[in-house]
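Reviewing the structure listed below.
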Amino acid sequence: MPSPQNSTELLASVPAAALSHRTVPGQPVPQSPQGGPQGTVQPAAQNEFSFEVSTRLKDSCSPDAAAVARNGGEFQGRTGVITTPHGTMKTPAFIAVGTKATVKSVLPEAMAELGAQALLSNAYHLYLQPGADILDAAGGLGKFMNWSGPTFTDSGGFQVMSLGSGFKKVINMDAVAASPHAGADDSVAVGKERLAHIDDDGVWFKSHLNGDMHRFTPEVSMAVQHQIGADIMFAFDELTTLLNSRGYQEMSLERTRLWALRCIAEHFRLTEERVGKPYQALFGVIQGAQYEDLRRKASHDLGQMNFDGFGIGGALEKENLGTIVRWCAEELPESKPRHLLGISEPDDIFTAIENGADTFDCVSPTRVARTSAFYTPDGRFNLSGAKYKRDFGPLSAECDCYTCQNYTRAYIHHLFKAKEMVSATLVSIHNERFVVKMVDDARLAIENGTFFDFKAETLRRYYPKR
């Protein structure tokens, strides 16, 4: 932990606006009758963001009673339209990830051409480099990266706490279990030191770039995200692992609830202060790990707050993903969108959609593309295999992307073998298009009443050995 002197110096460097709403650690935030912090006034600009439900899955497809029973409850999926100051999104929608204000190796123009409706960037990384003030001076995230459509930023909480525990970009539960303190509430990855320290007021963390100490609080996160300027932001929350104790999960959930109230208060204050800026929607983040009562409590508590939508976060076991999303969807307001953080595998996508997720994001399409992996309707394959050396067909004969219309497997195989950077670009374009189109087709299937048939056929082909 930093010394008191260093703490003072760091806090002095934070804009006064970010520190105007402080709470005493461990003390509750005063509540208004409307469920928000006292003095919270809804800004008129909030009307610039909206969500309208179009078709409900349970009305369009009418799954049989056995399917509902297997699911553990009624299907919550739906289609809709999210309206932001920079355009609309038809939901369900896959939101491509451009972590550092770029989708790795792919131009924004190419992302628009392949059908991406919005991009998500990372507040933690942009705060460290180039700095939120740079994006603010540039006119906001979209203008900075030459993307005219809607944008998202996360709060930075996931990266602060996952990287701070040494678990890198993904909290892999096998890595957590392998920790010498597995199951302990302060577990870190093997061979790593703890870079983040959490208290009731916020988090001290050490930059993974140069080791500098930084302080994130709900107010600082809101100030950073307002400067970044995305259309949709997420409240600052505490991320736990599935191995944290039940007692710690309860304490963390309450901390996240209090942080959510502080985020709303600071968000509304900054919205009124930054006159002339497009309205930025704020989503609350639902935690609670694998516990039904905690997930439902978080959904109920945050659902009563004046958020524009909600993110479903936390480390999730794949087999419980649909159940947890459904718990949240059953408790959250029907009139507000739900974003599931961090999925892109076909089976996960269908599970998320049918249980109530409206949007979701993941870095996987471009991450695996850089290892030469490409998606097809018949599964995922790897272009580094020798069999592709003389394969002059497209990555997928059924794909309409730029790569498949212009390049062959043999050529891209050669690029990977020659270590040419454009190889990642071509496969990333294809993989992003594959996921975007699959979700678009799932949305159309809900609208025309064929979702479950479409899901069955898609997964049968993609996972032939199941």
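Starting from 1 in every chain, residues are counted up; chains themselves are A, B, ... following the order of the structure tokens, and ligands are numbered from 1 as listed.
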Legend entry - Polymer residues at most 10 Å from Val422 of chain A, only C-alpha atoms, same-chain spacing of 6 or more positions, as number ranges by chain: A: 105-106, 370, 412, 415-416, 428
Legend entry - Nearby residues (only C-alpha atoms) at most 8 Å from Thr55 of chain A, same-chain spacing under 4 positions excluded, as a list of chain:residue names: A:Asp59, A:Ser60, A:Arg78, A:Thr79, A:Gly80, A:Ile446, A:Glu447
Inset, instruction - Step one, run DSSP on the backbone; step two, keep only residues of segment 216-463 of chain A assigned to strand (DSSP E or B); then write them as a ChimeraX atom specification. - result: /A:216,232-234,281-286,309-312,338-341,359-362,373-376,379-382
Inset, instruction - Can you pull out every residue within 9 Å of segment 233-246 of chain A, counting only C-alpha atoms, but drop anything in the same chain fewer than 4 positions away, and send it as a PyMOL selection string? - result: chain A and resi 151-158+161-162+171+173+176-177+182-187+198+216-219+221-222+225-226+229+250-253+255-257+259-260+263-264+280-291+310-311+313-317
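Residues lying within 8 Å of Phe51 of chain A, counting only C-alpha atoms and ignoring same-chain neighbours fewer than 4 positions away, are A:Gly80, A:Val81, A:Ile82, A:Thr83, A:Ser335, A:Lys336, A:Pro337.
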Just write the chosen residues, all heavy atoms, as a PDB file, in the first residue's frame.
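Result saved to part.pdb:
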ATOM      1  N   GLY A  80     -34.921  -5.755 -29.674  1.00  0.00           N
ATOM      2  CA  GLY A  80     -35.222  -4.374 -29.313  1.00  0.00           C
ATOM      3  C   GLY A  80     -34.326  -3.410 -30.055  1.00  0.00           C
ATOM      4  O   GLY A  80     -33.531  -3.800 -30.926  1.00  0.00           O
ATOM      5  N   VAL A  81     -34.434  -2.142 -29.699  1.00  0.00           N
ATOM      6  CA  VAL A  81     -33.620  -1.086 -30.303  1.00  0.00           C
ATOM      7  C   VAL A  81     -33.102  -0.170 -29.200  1.00  0.00           C
ATOM      8  O   VAL A  81     -33.890   0.360 -28.410  1.00  0.00           O
ATOM      9  CB  VAL A  81     -34.419  -0.254 -31.330  1.00  0.00           C
ATOM     10  CG1 VAL A  81     -33.550   0.862 -31.902  1.00  0.00           C
ATOM     11  CG2 VAL A  81     -34.952  -1.140 -32.453  1.00  0.00           C
ATOM     12  N   ILE A  82     -31.782  -0.015 -29.149  1.00  0.00           N
ATOM     13  CA  ILE A  82     -31.149   0.945 -28.244  1.00  0.00           C
ATOM     14  C   ILE A  82     -30.824   2.194 -29.048  1.00  0.00           C
ATOM     15  O   ILE A  82     -30.211   2.116 -30.122  1.00  0.00           O
ATOM     16  CB  ILE A  82     -29.853   0.372 -27.634  1.00  0.00           C
ATOM     17  CG1 ILE A  82     -30.165  -0.840 -26.755  1.00  0.00           C
ATOM     18  CG2 ILE A  82     -29.108   1.439 -26.833  1.00  0.00           C
ATOM     19  CD1 ILE A  82     -28.914  -1.547 -26.243  1.00  0.00           C
ATOM     20  N   THR A  83     -31.242   3.345 -28.544  1.00  0.00           N
ATOM     21  CA  THR A  83     -30.978   4.617 -29.218  1.00  0.00           C
ATOM     22  C   THR A  83     -29.994   5.438 -28.392  1.00  0.00           C
ATOM     23  O   THR A  83     -30.197   5.646 -27.196  1.00  0.00           O
ATOM     24  CB  THR A  83     -32.272   5.413 -29.411  1.00  0.00           C
ATOM     25  OG1 THR A  83     -33.186   4.654 -30.205  1.00  0.00           O
ATOM     26  CG2 THR A  83     -31.995   6.740 -30.115  1.00  0.00           C
ATOM     27  N   SER A 335     -37.847  -2.746 -19.122  1.00  0.00           N
ATOM     28  CA  SER A 335     -37.730  -1.620 -20.047  1.00  0.00           C
ATOM     29  C   SER A 335     -36.290  -1.139 -20.252  1.00  0.00           C
ATOM     30  O   SER A 335     -36.074  -0.164 -20.977  1.00  0.00           O
ATOM     31  CB  SER A 335     -38.568  -0.448 -19.538  1.00  0.00           C
ATOM     32  OG  SER A 335     -38.103  -0.037 -18.253  1.00  0.00           O
ATOM     33  N   LYS A 336     -35.311  -1.821 -19.644  1.00  0.00           N
ATOM     34  CA  LYS A 336     -33.924  -1.361 -19.770  1.00  0.00           C
ATOM     35  C   LYS A 336     -33.034  -2.487 -20.296  1.00  0.00           C
ATOM     36  O   LYS A 336     -33.232  -3.653 -19.968  1.00  0.00           O
ATOM     37  CB  LYS A 336     -33.409  -0.847 -18.418  1.00  0.00           C
ATOM     38  CG  LYS A 336     -34.175   0.391 -17.955  1.00  0.00           C
ATOM     39  CD  LYS A 336     -33.607   0.980 -16.672  1.00  0.00           C
ATOM     40  CE  LYS A 336     -34.377   2.242 -16.294  1.00  0.00           C
ATOM     41  NZ  LYS A 336     -33.828   2.871 -15.063  1.00  0.00           N
ATOM     42  N   PRO A 337     -32.023  -2.128 -21.128  1.00  0.00           N
ATOM     43  CA  PRO A 337     -31.184  -3.151 -21.761  1.00  0.00           C
ATOM     44  C   PRO A 337     -30.225  -3.818 -20.784  1.00  0.00           C
ATOM     45  O   PRO A 337     -29.847  -3.243 -19.754  1.00  0.00           O
ATOM     46  CB  PRO A 337     -30.423  -2.373 -22.833  1.00  0.00           C
ATOM     47  CG  PRO A 337     -30.404  -0.963 -22.326  1.00  0.00           C
ATOM     48  CD  PRO A 337     -31.696  -0.769 -21.585  1.00  0.00           C
TER      49      PRO A 337
END
Inset, instruction - Quick one: pick out all alpha helix (DSSP H) residues within segment 60-265 of chain A from a backbone DSSP run and write them as a VMD selection string. - result: chain A and resid 60 65 to 71 108 to 113 123 to 128 132 to 138 141 to 144 157 to 164 173 to 177 218 to 228 246 to 265
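Taking only C-alpha atoms, the non-local environment of Phe144 of chain A within 12 Å (same-chain residues fewer than 2 positions away omitted) comprises Lys100, Ala101, Thr102, Pro108, Ser121, Leu126, Pro130, Ala132, Asp133, Ile134, Leu135, Asp136, Ala137, Ala138, Gly139, Gly140, Leu141, Gly142, Asn146, Trp147, Ser148, Thr151, Gln227, Ile228, Gly229 and Ala230 of chain A.
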Go ahead and dump the residues you just picked, N, CA, C and O atoms, as a short mmCIF file (atom, residue, chain, number, x, y, z; two decimals), in the first residue's frame.
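Written out: again33.cif:
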data_model
loop_
_atom_site.label_atom_id
_atom_site.label_comp_id
_atom_site.auth_asym_id
_atom_site.auth_seq_id
_atom_site.Cartn_x
_atom_site.Cartn_y
_atom_site.Cartn_z
N LYS A 100 -8.00 -0.58 -26.77
CA LYS A 100 -7.24 0.67 -26.65
C LYS A 100 -7.64 1.66 -27.73
O LYS A 100 -6.82 2.33 -28.34
N ALA A 101 -8.95 1.77 -27.96
CA ALA A 101 -9.51 2.63 -29.00
C ALA A 101 -9.16 2.12 -30.39
O ALA A 101 -9.03 2.90 -31.34
N THR A 102 -9.03 0.80 -30.51
CA THR A 102 -8.87 0.17 -31.82
C THR A 102 -9.19 -1.31 -31.69
O THR A 102 -8.79 -1.96 -30.71
N PRO A 108 -11.51 0.94 -38.37
CA PRO A 108 -12.93 1.20 -38.06
C PRO A 108 -13.83 1.09 -39.29
O PRO A 108 -14.96 0.61 -39.20
N SER A 121 -14.52 -0.02 -25.74
CA SER A 121 -13.12 0.20 -25.36
C SER A 121 -12.97 0.10 -23.85
O SER A 121 -13.95 0.08 -23.10
N LEU A 126 -7.25 3.03 -21.41
CA LEU A 126 -7.24 4.38 -21.97
C LEU A 126 -6.86 5.42 -20.92
O LEU A 126 -6.26 6.46 -21.24
N PRO A 130 -3.77 6.77 -23.81
CA PRO A 130 -2.96 7.99 -23.74
C PRO A 130 -3.35 8.94 -22.61
O PRO A 130 -2.71 9.97 -22.42
N ALA A 132 -7.29 9.96 -20.32
CA ALA A 132 -8.67 10.33 -20.64
C ALA A 132 -8.78 11.78 -21.13
O ALA A 132 -9.64 12.11 -21.95
N ASP A 133 -7.90 12.65 -20.65
CA ASP A 133 -7.95 14.05 -21.06
C ASP A 133 -7.64 14.22 -22.54
O ASP A 133 -8.16 15.14 -23.20
N ILE A 134 -6.81 13.32 -23.07
CA ILE A 134 -6.49 13.39 -24.51
C ILE A 134 -7.73 13.08 -25.33
O ILE A 134 -8.02 13.75 -26.33
N LEU A 135 -8.49 12.05 -24.93
CA LEU A 135 -9.71 11.70 -25.67
C LEU A 135 -10.73 12.82 -25.55
O LEU A 135 -11.45 13.11 -26.52
N ASP A 136 -10.82 13.44 -24.38
CA ASP A 136 -11.76 14.55 -24.20
C ASP A 136 -11.41 15.70 -25.13
O ASP A 136 -12.28 16.27 -25.80
N ALA A 137 -10.12 16.03 -25.21
CA ALA A 137 -9.69 17.11 -26.09
C ALA A 137 -9.92 16.78 -27.56
O ALA A 137 -10.15 17.68 -28.38
N ALA A 138 -9.89 15.47 -27.89
CA ALA A 138 -10.08 15.05 -29.28
C ALA A 138 -11.55 15.05 -29.69
O ALA A 138 -11.86 14.88 -30.87
N GLY A 139 -12.45 15.21 -28.72
CA GLY A 139 -13.87 15.20 -29.03
C GLY A 139 -14.56 13.92 -28.64
O GLY A 139 -15.70 13.66 -29.06
N GLY A 140 -13.89 13.08 -27.85
CA GLY A 140 -14.50 11.83 -27.39
C GLY A 140 -13.96 10.61 -28.12
O GLY A 140 -13.30 10.72 -29.16
N LEU A 141 -14.27 9.46 -27.56
CA LEU A 141 -13.74 8.18 -28.06
C LEU A 141 -14.03 7.97 -29.54
O LEU A 141 -13.14 7.62 -30.32
N GLY A 142 -15.29 8.14 -29.94
CA GLY A 142 -15.65 7.88 -31.33
C GLY A 142 -14.87 8.73 -32.31
O GLY A 142 -14.34 8.23 -33.31
N ASN A 146 -12.09 7.58 -35.06
CA ASN A 146 -12.75 7.66 -36.37
C ASN A 146 -13.86 6.62 -36.52
O ASN A 146 -14.00 5.97 -37.55
N TRP A 147 -14.66 6.49 -35.46
CA TRP A 147 -15.82 5.60 -35.47
C TRP A 147 -17.06 6.45 -35.21
O TRP A 147 -17.16 7.10 -34.17
N SER A 148 -18.01 6.45 -36.15
CA SER A 148 -19.15 7.34 -36.04
C SER A 148 -20.33 6.74 -35.29
O SER A 148 -21.28 7.45 -34.95
N THR A 151 -20.60 3.83 -28.95
CA THR A 151 -19.44 3.28 -28.28
C THR A 151 -19.77 2.95 -26.83
O THR A 151 -20.66 3.54 -26.23
N GLN A 227 -14.74 11.79 -19.53
CA GLN A 227 -13.75 12.36 -20.43
C GLN A 227 -13.55 11.50 -21.67
O GLN A 227 -13.39 12.03 -22.78
N ILE A 228 -13.57 10.18 -21.49
CA ILE A 228 -13.43 9.30 -22.66
C ILE A 228 -14.59 9.50 -23.63
O ILE A 228 -14.42 9.47 -24.84
N GLY A 229 -15.80 9.69 -23.09
CA GLY A 229 -16.92 10.14 -23.91
C GLY A 229 -17.70 9.07 -24.65
O GLY A 229 -18.32 9.37 -25.68
N ALA A 230 -17.73 7.82 -24.16
CA ALA A 230 -18.52 6.78 -24.82
C ALA A 230 -20.00 6.98 -24.60
O ALA A 230 -20.42 7.62 -23.63
#
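Non-sequential neighbours of Tyr407 of chain A (distance at most 10 Å, separation of 2 or more positions within a chain, only C-alpha atoms) are Phe392, Gly393, Pro394, Leu395, Tyr402, Thr403, Cys404, Gln405, Arg409, Ala410, Tyr411, Ile412 and Leu426 of chain A.
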Inset, instruction - Mind checking which residues fall within 10 Å of Leu128 of chain A, counting only C-alpha atoms, ignoring those fewer than 5 positions away in the same chain, and posting them as an NGL selection string? - result: :A and (123 or 207-210 or 212 or 214)
Legend entry - Nearest to Ile232 of chain A, chosen from A:Gly276, A:Gly309, A:Pro365, A:Gly449, with only C-alpha atoms counted in the distances: A:Gly309
